[in-house]
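J.: Sharing a structure here in structure tokens format.
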Amino acid sequence: MRLPDLVRTTSFRLTLLSLALFAAAAAAFLFYIYIATAGEVTQRADEEVGREISSLETVYARAGQAGVNQALIERTIGERPYFYLLMDPAAKPISGNIAATPVEPATSEARSSFRVTETDPDGAIRRRASWGRQVRLPKGELLFVGVDIGEGQGYVLRIVRATWGAGVLVLILGLAAGLLVSRNVSRSLLGLKRAVAAVESGDLHARAPVRGVGDEYDELASGMNAMLDRVERLMGGLRHAGDAIAHDLRSPLTRLRSRLEAALIEVDNGRADPTESLIQALEDTDGVLKTFNAVLAISRLQAAGQVPNPQLFDPAELCSGLAELYQPLCEDKGLAFSAEFSKGLQVRGDRDFAGQAMANLLDNAIKYTPSGGAVMLRVRRRSSGEVECSVTDTGPGVPIEERPRIVQRFVRLENSRSQPGTGLGLSLVQAVAEAHGGRLDIDDGPGFVQGAAGQGGGPGLRTALVFPEPTSA
Amino acid sequence: MRILIMEDDVSAAEAIIKGLADAGHEATHAPDGEAGLEAARGGGFDVLVVDRMMPKVDGLTAVSSLRREGDSTPVLFLSALGEIDDRVTGLKAGADDYLVKPFAFAELIARVEALCRRKDTGGQATLLKVGDLELDLLARTVHRAGVEIDLQPREFQLLEFLMRHAGRSVTRTMLLEKVWEYHFDPQTNVIDVHISRLRSKIDKGFDRPMLQTVRGAGYRLDA
């Protein structure tokens with residue numbers, strides 16, 4: 001990635017922003033330190049000056065102006081860094097090591113910061129910051145004492161300069177870090193961008209690389225991959241359904257066509273009554289329509305991802321109606337039918353679709369359970385809060401490895417081909433379950449049942465439409 | 001009976017008109033919603049058969065306008081396989097029944113006749129009579145030729161529906177929808193079992209069976 005591109009990235013801009021915030025905070029902090037340190041230097045100078053003045057006042061009290069004069073002479077000879085000036089009440093200098101008081105007006109008692117100009121031994125002229133205080137002595141003379149604070153101030157200045165240097169360094173490092181971070185982010189996103197571009201140009205197999213470090217880019221990439229998996233699966237499902245419809249409808253349509261043709265020939269020849277052929281043709285057409293309707297219902301549920309107008313309803317009430325509808329059919333087939341409903345349950349969804357799904361499960365159980373077996377319809381609440389509507393039979397069951405297949409569209413197990421059916425019943429149940437946020441559970445039935453086993457019974461099958469707990473009851 | 005067909009598919013409409021004519025009904029065709037509304041406002045129809053998707057004014061709008069204007073002529077909605085909540089929307093708009101295309105012709109005729117009949121017998125009779133069969137809605141009893149017949153509650157409802165549509169075919173889907181109030185396809189013909197139980201109760205021991213199976217259509221109760 002070229003540099004200008006890098007500078008445009010969000011991460012770089014964010015780095016700059018945080019850098020600016022950090023710099024502002026640091027500047028405020030350093031300004032506070034400067035004020036505090038500079039104040040400290042002046043305060044220390046003031047204390048020193050105060051001590052010197054009170055020492056000279058003691059001398060004055062003991063020996064008067066002459067004593068102070070003497071003390072000043074002694075003190076200015078030493079290497080002490082003080083400035084002294086003793087003045088008469090009109091501020092006319094008497095003695096000291098500076099020519100005039102820096103205090104304005106000259107006769108007042110005040111503190112003052114000032115500068116002294118001095119010449120180095122090597123001839124350079126330097127102005128040094130100083131601090132002083134002027135007091136009036138008991139007999140009216142004025143005494144000024146000052147001290148050179150240049151050293152302390154110089155120290156503060158050095159700190160300030162060092163701070164500026166550090167600031168510049170921080171800025172440079174920050175910019176470099178910003179560039180690095182944005183380059184890193186851009187690199188992490190590159191895989192995602194490539195995958196998106198590939199999918200956009202039609203390659204649904206493209207996936208974003210997951211680096212395995214488990215960061216948010218990995219999360220994004222695996223989320224996107226999961227999404228693409230689902231899209232691909234759905235597309236595959238559609239393609240499969242299309243192929244399957246074509247395959248499944250070709251034979252009944254062919255049959256239909258030949259029946260109609262045969263009927264026509266019969267009529268032309270005046271040989272036979274074509275009614276039988278026409279009735280057969282009608283039945284074939286109904287079968288084709290049934291398949292169409294089931295495929296469409298499944299597709300719409302899958303496309304919508306939810307049922308239209310979901311409403312709260314009592315699954316026990318729905319199932320007891322179904323029990324009443326199907327019980328005579330069971331009895332006619334020699335199956336023992338029983339039902340067990342928990343009262344007061346509610347699920348949110350579409351009553352018609354749920355009813356269709358349960359009818360499909362009951363239909364399967366009745367179709368595949370041999371005479372002498374039993375079918376049980378049950379509605380109960382699981383301890384997880386889910387509500388399940390289950391159909392248990394004592395029929396041949398479905399081997400565990402076949403179970404994932406039987407919910408696929410148009411998949412019919414070998415031994416079921418002799419029975420009528422579209423091969424879409426369980427697919428529709430599954431689609432209904434998913435549209436309700438639930439699922440279709442397929443488990444073993446009650447095992448080999450005595451009596452039933454002797455008549456070709458099996459381990460049985462238990463299919464359950466599981467609804468999630470309704471969130472707002 | 002006079003029936004108005006609002007349908008933009010001309011060949012479908014022709015087939016419907018011919019079928020209804022064969023069944024002894026007089027049908028008029030309107031090729032779009034606008035013409036349909038005009039014809040319907042002219043009055044004189046026993047049933048309106050309305051396609052949902054039509055040019056100019058769609059079926060839903062046409063039916064809701066008629067209902068707003070106070071027209072209560074029974075309406076049967078026709079719809080190509082559309083959205084899943086089609087039926088509910090259609091009934092909300094004021095349709096009395098709903099049929100999804102493609103449909104069995106027997107289904108259409110049975111439903112149209114059921115709607116006409118509904119208009120005929122607007123009053124609520126408490127005693128239904130078909131031939132020597134009597135059904136008392138208040139006492140919840142059924143007699144045939146004076147002999148009391150014991151029916152389960154659902155069998156009673158089933159017989160009531162058949163008697164209200166006596167002499168006309170009713171389809172299995174109609175029975176499932178109107179008697180059981182289920183709007184789905186039960187795959188196997190569960191209805192047949194219920195019918196055969198009912199038949200064994202009302203026809204057993206009598207010379208002349210009343211409950212007929214109509215091939216390709218459903219059932220019919222004859223006097």
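Every chain in the structure tokens has a letter given in the order shown (A, B, ...), and although residue numbers restart at 1 in each chain, ligands are simply numbered from 1 in the order shown.
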Could you produce a table of the residues of chain A lying within 7 Å of chain B, with the nearest pair of atoms per residue and their separation in Å rounded to one decimal, using only C-alpha atoms, ordered by chain and increasing residue number, as JSON lines?
T.:
```
{"residue": "A:Ile279", "atom": "CA", "partner": "B:Gly216", "partner_atom": "CA", "distance": 6.9}
{"residue": "A:Pro308", "atom": "CA", "partner": "B:Asp85", "partner_atom": "CA", "distance": 6.3}
{"residue": "A:Leu325", "atom": "CA", "partner": "B:Val190", "partner_atom": "CA", "distance": 6.9}
{"residue": "A:Tyr326", "atom": "CA", "partner": "B:Val190", "partner_atom": "CA", "distance": 6.4}
{"residue": "A:Pro328", "atom": "CA", "partner": "B:Val193", "partner_atom": "CA", "distance": 6.4}
{"residue": "A:Leu329", "atom": "CA", "partner": "B:Val193", "partner_atom": "CA", "distance": 6.0}
{"residue": "A:Asp352", "atom": "CA", "partner": "B:His183", "partner_atom": "CA", "distance": 5.9}
{"residue": "A:Gln356", "atom": "CA", "partner": "B:Phe184", "partner_atom": "CA", "distance": 5.6}
{"residue": "A:Ala359", "atom": "CA", "partner": "B:Pro186", "partner_atom": "CA", "distance": 5.9}
{"residue": "A:Asp363", "atom": "CA", "partner": "B:Thr188", "partner_atom": "CA", "distance": 6.9}
```
J.: Using DSSP secondary structure from the backbone, list all helix (DSSP H, G or I) positions within chain B, as number ranges by chain.
T.: B: 10-22, 33-42, 59-68, 86-92, 105-120, 153-164, 172-178, 190-203
J.: Would you list the contacts of stretch 83-88 of chain A as a list in words, taking every protein, DNA or RNA residue within 6 Å and counting only C-alpha atoms, but skipping same-chain residues closer than 3 positions in sequence?
T.: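 Returned residues: Ala91, Lys92, Pro93, Ile94, Ser95, Gly96, Asn97, Glu141, Leu142, Leu143, Phe144, Val145, Gly146 and Val147 of chain A.
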J.: Residues near stretch 22-29 of chain B, anyone? I mean within 8 Å using only C-alpha atoms, not counting same-chain ones fewer than 6 positions away, as a list in words.
T.: Met1, Arg2, Ile3, Leu4, Ile5, Met6, Glu7, Ala13, Gly36 and Ile109 of chain B
